[in-house]
Structures are given as C-alpha cells and as structure tokens.
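Some notes on the structure that comes next.
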Amino acid sequence: MHVMMVNNIYPPIVAGGAERIVAYLCEGLVRRGHRVTVVSTCGPDMEPYPTEIRNGVEVVRFFPPNVYWSFERSLTPGPRKWLWHARDAWNSAAGDRLRDILAQTRPTVLHSHLIDGFSAAIWARAQKAGVPVLHTAHDYHLLCPRAFLLTSDWRLCSRPRAHCRLYRRWHLRTTRHVDLFTSPSRFLLDMHDRAGLRAAGQAVVHNGIPLPEDRDLVRSRRPAESRSRFLMLTRLTVEKGVQTVLDAMLRLPKDLPIEVAIAGKGPLEAQVRAAAAADDRIRYLGFLDGDAKAAALARAGHLLLPSLWYENAPVTIVEAAAYGLGLIGSDIGGIPEFVEPNETGILFPPGDAQALATIMARLAQDPDALPRLAARSEALARRFTLDHMVEAYETRYAALLDRHPLQLAAQ
C-alpha cells in the first residue's frame with residue numbers, strides 16, 4: 001500500500017508523544033514494504049521546503065497560510081490566537097495544497113493525526129479524490145480550542161462557553177469526511193462519540209513503541225533500593241500535576257529515604273528548580289532523551305503520572321513498564337486503562353497530594369507492595385509493541401480499501 005500520513009509536525013521537529021508515535025508507525029510500515037509519504041508543516045520562512053527521505057519515509061512540508069505557524073501557537077496568546085483558530089476552522093489553501101500532493105503521489109489511503117494548521121479541509125479533499133480517510137485522535141483538538149478540555153484556570157471544563165460550543169459543533173460536523181476515527185484509548189474515543197462524532201466508523205487502536213533491547217538486563221540488575229526512587233517524565237506545565245508531586249514531598253517525613261527525579265522542560269521549570277534546591281530528595285534532570293532518558297528509567301523504581309487533565313495514552317507508561325517500573329498515576333482519562341491496580345501500579349485521585357504521599361511512603365518502605373510487578377509489567381509492555389500497532393493499522397487500511405473498490409483498482 002501507499003499510505004499518506006498527515007501530522008502537523010514531524011521529526012526532527014517534536015513537541016510531544018504524538019510525533020514519536022507517527023514516526024514509529026511510518027518507519028514500521030516502510031520496513032514491511034509499504035510506501036509512506038508524510039505531509040507536515042513548516043514555518044513561512046522555510047518555504048519552499050525540499051522533499052526529504054527520513055529513514056525510508058518521504059516527507060513533504062509546506063506552510064498552511066495562517067497568521068502564524070501552528071507549531072508556534074502555544075507561544076502566541078490573545079486575539080491573534082483566535083484569528084488563527086478562525087482560519088484553521090477550514091483552511092481552503094491548505095486543502096488545495098494537499099489536493100495537489102494527492103494528485104502527484106496517488107496514495108492508497110490517507111491517515112491523519114494532529115491536523116492543527118491543516119484543518120479538516122484536507123479530509124474533504126481526500127474524500128473528493130476517492131481516497132479513504134482514517135483519523136487518529138491524540139488529544140481533544142476537535143472538542144476544545146486548547147485541546148485539553150481545561151478552563152483558563154486549569155480546571156476540568158464541564159460547561160464550555162458559547163464560543164467553545166460553536167467551535168466544537170463545527171469541528172465535529174467536519175468528521176463526516178472521515179471513514180474511520182480511531183483513538184489509542186477508549187476514554188478519548190467515548191468522549192468524542194458522546195459529543196457527536198460523525199465519522200462513518202470508529203475503533204480503539206493502541207499506540208505501540210519499539211521495546212528497549214536492554215530491558216531484561218535492566219530488570220535483572222535493578223537494586224532493592226530502587227523502590228524508593230520515583231521518576232516524573234513530563235512537560236513542566238500545570239495540567240501535568242507537577243505541583244501535586246512537590247506538595248506530596250512536603251508531606252513526607254524528611255528522614256524517609258526517598259528520591260524524586262523530575263525530567264522535562266516548560267513554564268514550571270523555575271518552580272521545580274527551587275524545590276530541588278530546598279530539598280535534596282528532589283532532583284531536576286532537565287529535558288531527557290535517548291540514553292539519558294533510558295538511564296533515568298533504569299535507576300527508578302516507579303513512574304509518577306499525576307495528571308490533572310484527561311490524559312489519552314501516554315507513551316511513558318509503556319516505556320516504564322518495559323523497564324519494570326510501577327506506575328503511580330491519577331485516576332483520570334485514559335490512564336486507568338493502562339494500569340492493573342496493585343499489580344502494575346496504583347491510582348490516586350487527581351490533585352490529591354496527601355494520597356500520593358501515602359502511596360509513595362508505602363512503596364518506599366514495603367518491598368511487597370506490588371508483589372507481581374515484574375511479571376505483570378512485562379506482560380503490559382508486550383501488549384503495546386510497535387509491531388502490534390503497525391499490524392492493527394494495516395488491518396484497518398485493508399478494511400477501508402475493501403469499501404473503496406474503485407480506488408483499489410486504480411492502483
């Protein structure tokens with residue numbers, strides 16, 4: 001097959017887990033003999049951006065005309081952001097650029113992910129060209145301008161304002177151009193379905209990653225004292241629950257031998273640095289990737305995921321499970337779908353620093369708190385491998401083609 005993959009950014013430009021998953025999928029499909037063309041964005045000063053080949057994947061980038069590049073959206077508050085959203089509701093120019101790329105490359109299927117910047121116009125153009133459309137949601141972009149379903153003061157949004165309801169109604173209406181709507185978690189898919197999803201079909205397709213080759217060695221060498229070491233790999237932003245972890249540390253006895261390592265970058269970096277300077281049990285590691293990230297996972301015994309928003313399917317859960325870490329996570333969003341309580345981890349109420357402190361103290365002091373962690377975490381990691389994800393999408397692509405015989409014959 002020839003799969004056209006659409007995502008607003010693509011490596012080496014990375015903002016979060018979605019770009020990594022898209023790259024894993026593209027390269028996995030190439031290794032199985034498929035042709036993959038990625039369509040992504042670039043800044044206006046980067047055009048014309050040359051077509052490139054990255055690990056066997058053809059990558060085409062262009063700037064979808066708007067008031068600024070979508071990658072810079074989080075840095076541009078105020079009225080210009082709403083002007084950007086207004087243009088992004090239906091960017092005909094971006095749709096026309098994609099139509100031309102479709103005509104040139106003639107893909108078998110279009111698989112979109114984060115379409116901020118492109119808009120749903122690309123779905124309509126593909127549909128008109130007879131190319132089946134599969135969309136994978138990684139966040140709540142279609143339901144919320146901020147994509148997090150949070151209010152301006154970082155609380156869960158239960159009563160969207162009038163302009164947010166209008167935004168949601170329009171974006172859900174555009175999903176009529178999607179043949180199959182997928183999500184890595186049941187929670188996120190159900191949220192869209194209840195809101196009025198209009199796609200022809202829907203399915204849960206779990207994310208998958210390449211499991212680290214050294215995971216067995218790391219597991220076998222993990223010392224007993226690692227149970228008192230906790231690691232947080234995250235963006236340093238309010239919705240990720242950074243403050244919950246810092247507050248939990250204030251509630252733990254100073255003489256309790258415990259370590260919390262926080263890795264990441266973001267607007268709360270100064271706050272984390274200050275906490276680390278005041279408490280030698282807290283370590284700030286900065287942004288980690290590659291070998292440094294693997295080393296942090298190998299040292300820790302548990303991963304902290306204290307989110308305050310409706311997480312979808314964090315990749316770090318699988319990374320931690322592969323190395324045998326337990327997950328201490330908020331009971332919110334899609335997180336509970338990836339935790340076996342008291343076996344692969346423990347859940348606590350979002351934002352409850354005292355509950356988190358109690359769990360951390362118990363794990364640090366009781367070596368039998370998660371007695372089946374080693375075996376169950378390995379089983380969990382094997383459920384979310386890259387091969388499983390690639391095979392699941394291959395199956396969906398084939399099913400879509402069966403419903404588009406004219407397009408299949410054209411190849």
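All residue names refer to the structure tokens as shown: chains lettered A, B, ... in order, residues numbered from 1 in each chain, ligands numbered from 1 in order.
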
Any chance you could tabulate, as a Markdown table, the residues of stretch 179-292 of chain A at most 12 Å from stretch 117-131 of chain A with each one's nearest atom pair and distance in Å to one decimal, using only C-alpha atoms, in chain and rising number order?
```
| residue | atom | partner | partner_atom | distance |
| --- | --- | --- | --- | --- |
| A:Asp179 | CA | A:Gln127 | CA | 8.8 |
| A:Leu180 | CA | A:Trp123 | CA | 11.4 |
| A:Phe181 | CA | A:Trp123 | CA | 11.8 |
| A:Ala199 | CA | A:Trp123 | CA | 11.2 |
```

Practice problem: Based on DSSP run over this structure's backbone, return all residues of stretch 269-379 of chain A in strand (DSSP E or B), as a PyMOL selection string. | Solution: chain A and resi 282-286+302-305+326-330+341+345-348

Deliver the residues from the most recent selection as a file, using C-alpha atoms, as an mmCIF file, in the first residue's frame.
```cif
data_model
loop_
_atom_site.group_PDB
_atom_site.id
_atom_site.type_symbol
_atom_site.label_atom_id
_atom_site.label_comp_id
_atom_site.auth_asym_id
_atom_site.auth_seq_id
_atom_site.Cartn_x
_atom_site.Cartn_y
_atom_site.Cartn_z
ATOM 1 C CA ILE A 282 14.267 16.178 44.720
ATOM 2 C CA ARG A 283 16.445 16.098 41.602
ATOM 3 C CA TYR A 284 15.793 18.158 38.486
ATOM 4 C CA LEU A 285 17.224 16.419 35.434
ATOM 5 C CA GLY A 286 16.250 18.847 32.689
ATOM 6 C CA HIS A 302 8.278 3.876 39.871
ATOM 7 C CA LEU A 303 6.936 6.364 37.323
ATOM 8 C CA LEU A 304 4.822 9.283 38.516
ATOM 9 C CA LEU A 305 1.945 10.369 36.285
ATOM 10 C CA GLY A 326 5.411 0.575 38.627
ATOM 11 C CA LEU A 327 3.032 3.377 37.648
ATOM 12 C CA ILE A 328 1.690 5.792 40.243
ATOM 13 C CA GLY A 329 -0.945 7.699 38.299
ATOM 14 C CA SER A 330 -4.035 9.844 38.573
ATOM 15 C CA PRO A 341 -4.303 -1.760 40.303
ATOM 16 C CA GLY A 345 0.685 0.308 39.680
ATOM 17 C CA ILE A 346 -1.568 2.316 41.958
ATOM 18 C CA LEU A 347 -4.089 5.033 41.115
ATOM 19 C CA PHE A 348 -4.999 8.041 43.248
#
```

Practice problem: Find the spatial neighbours of A:Ala137, counting only C-alpha atoms, within a cut-off of 10 Å - ignore same-chain residues fewer than 6 positions away - and output them as a ChimeraX atom specification. | Solution: /A:18,112-115,181-185,188-189,192,312

How would the residues just chosen look if you wrote them out with C-alpha atoms as a compact mmCIF listing (two decimals), in the first residue's frame?
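The new file again.txt reads:
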```txt
# COMPACT_ATOMS: atom_id res chain seq x y z
CA ALA A 18 2.23 12.09 19.06
CA SER A 112 -4.25 11.89 9.61
CA HIS A 113 -3.23 12.59 13.20
CA LEU A 114 -2.85 16.15 14.56
CA ILE A 115 -4.40 18.37 11.90
CA PHE A 181 -11.98 7.54 13.51
CA THR A 182 -9.55 5.86 15.90
CA SER A 183 -8.05 6.60 19.31
CA PRO A 184 -5.34 4.94 21.42
CA SER A 185 -7.70 4.91 24.42
CA LEU A 188 -10.90 9.61 24.40
CA LEU A 189 -12.93 7.79 21.77
CA HIS A 192 -15.78 12.22 21.02
CA ASN A 312 -5.20 9.88 26.43
```

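Each of A:Gly16, A:Pro44, A:Gly208, A:Gly290 was compared to A:Val390 using only C-alpha atoms, and A:Gly208 turns out to be the nearest.
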
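From atom CA of A:Asp289 back to atom CA of A:Leu250, the distance works out to 28.6 Å.
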
Quiz item: Closest to A:Ala200 among A:Arg222, A:Thr174, A:Arg229, A:Ala294, using only C-alpha atoms?
Solution: A:Thr174

Quiz item: Would you give me, as a count of residues only, the residues in stretch 59-242 of chain A that DSSP reads as helix (DSSP H, G or I)?
Solution: 80

Nearby residues (only C-alpha atoms) at most 9 Å from A:Glu337, same-chain spacing under 4 positions excluded, as a CSV table (one decimal) with C-alpha atoms, in the first residue's frame:
```csv
chain,number,residue,atom,x,y,z
A,185,SER,CA,-7.7,4.9,24.4
A,186,ARG,CA,-11.4,4.0,24.9
A,187,PHE,CA,-11.8,7.1,27.1
A,313,ALA,CA,-2.5,7.2,26.2
A,333,GLY,CA,-8.9,10.0,31.5
```

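The nearest approach to A:Ala15 among the residues A:Ser152, A:Ser70, A:Asn91, A:Val204, with only C-alpha atoms taken into account, belongs to A:Ser70.
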
Practice problem: Would you kindly return, as a list in words, each protein, DNA or RNA residue with an atom no farther than 8 Å from any atom of A:Ile9, considering only C-alpha atoms and excluding same-chain residues fewer than 6 positions away? | Solution: Glu19, Ser40, Thr41, Cys42 and Phe71 of chain A

Self-check item: Test item: residues at most 9 Å from stretch 211-216 of chain A, only C-alpha atoms, excluding those fewer than 6 positions along its chain, as a ChimeraX atom specification
Solution: /A:294,298,318-319,322-324,381-382,384-386

Practice problem: With a distance cut-off of 12 Å and only C-alpha atoms, select the neighbouring residues of A:Ala224, excluding the residue or stretch itself and same-chain residues fewer than 3 positions from it, and output the selection as a ChimeraX atom specification. | Solution: /A:219-221,227-229,299-301,363-368

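Relative to atom CA of A:Leu149, atom CA of A:Leu356 is found at 23.7 Å.
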
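Atom CA of A:Leu166 to atom CA of A:Ala195 spans 12.4 Å [interatomic distance, one decimal].
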
Quiz item: Using only C-alpha atoms, which residue out of A:Ala357, A:Ala276, A:Ala292, A:Ala374 lies closest to A:Leu325?
Solution: A:Ala374

Self-check item: Pick from A:Ile21, A:Tyr397, A:Asp139, A:Pro64 nearest to A:Val3, counting only C-alpha atoms
Solution: A:Tyr397

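Of the residues listed (A:Arg383, A:Ala275, A:Glu391, A:Asp247), A:Asp247 shows the shortest atom-to-atom separation from A:Asp352; distances use only C-alpha atoms.
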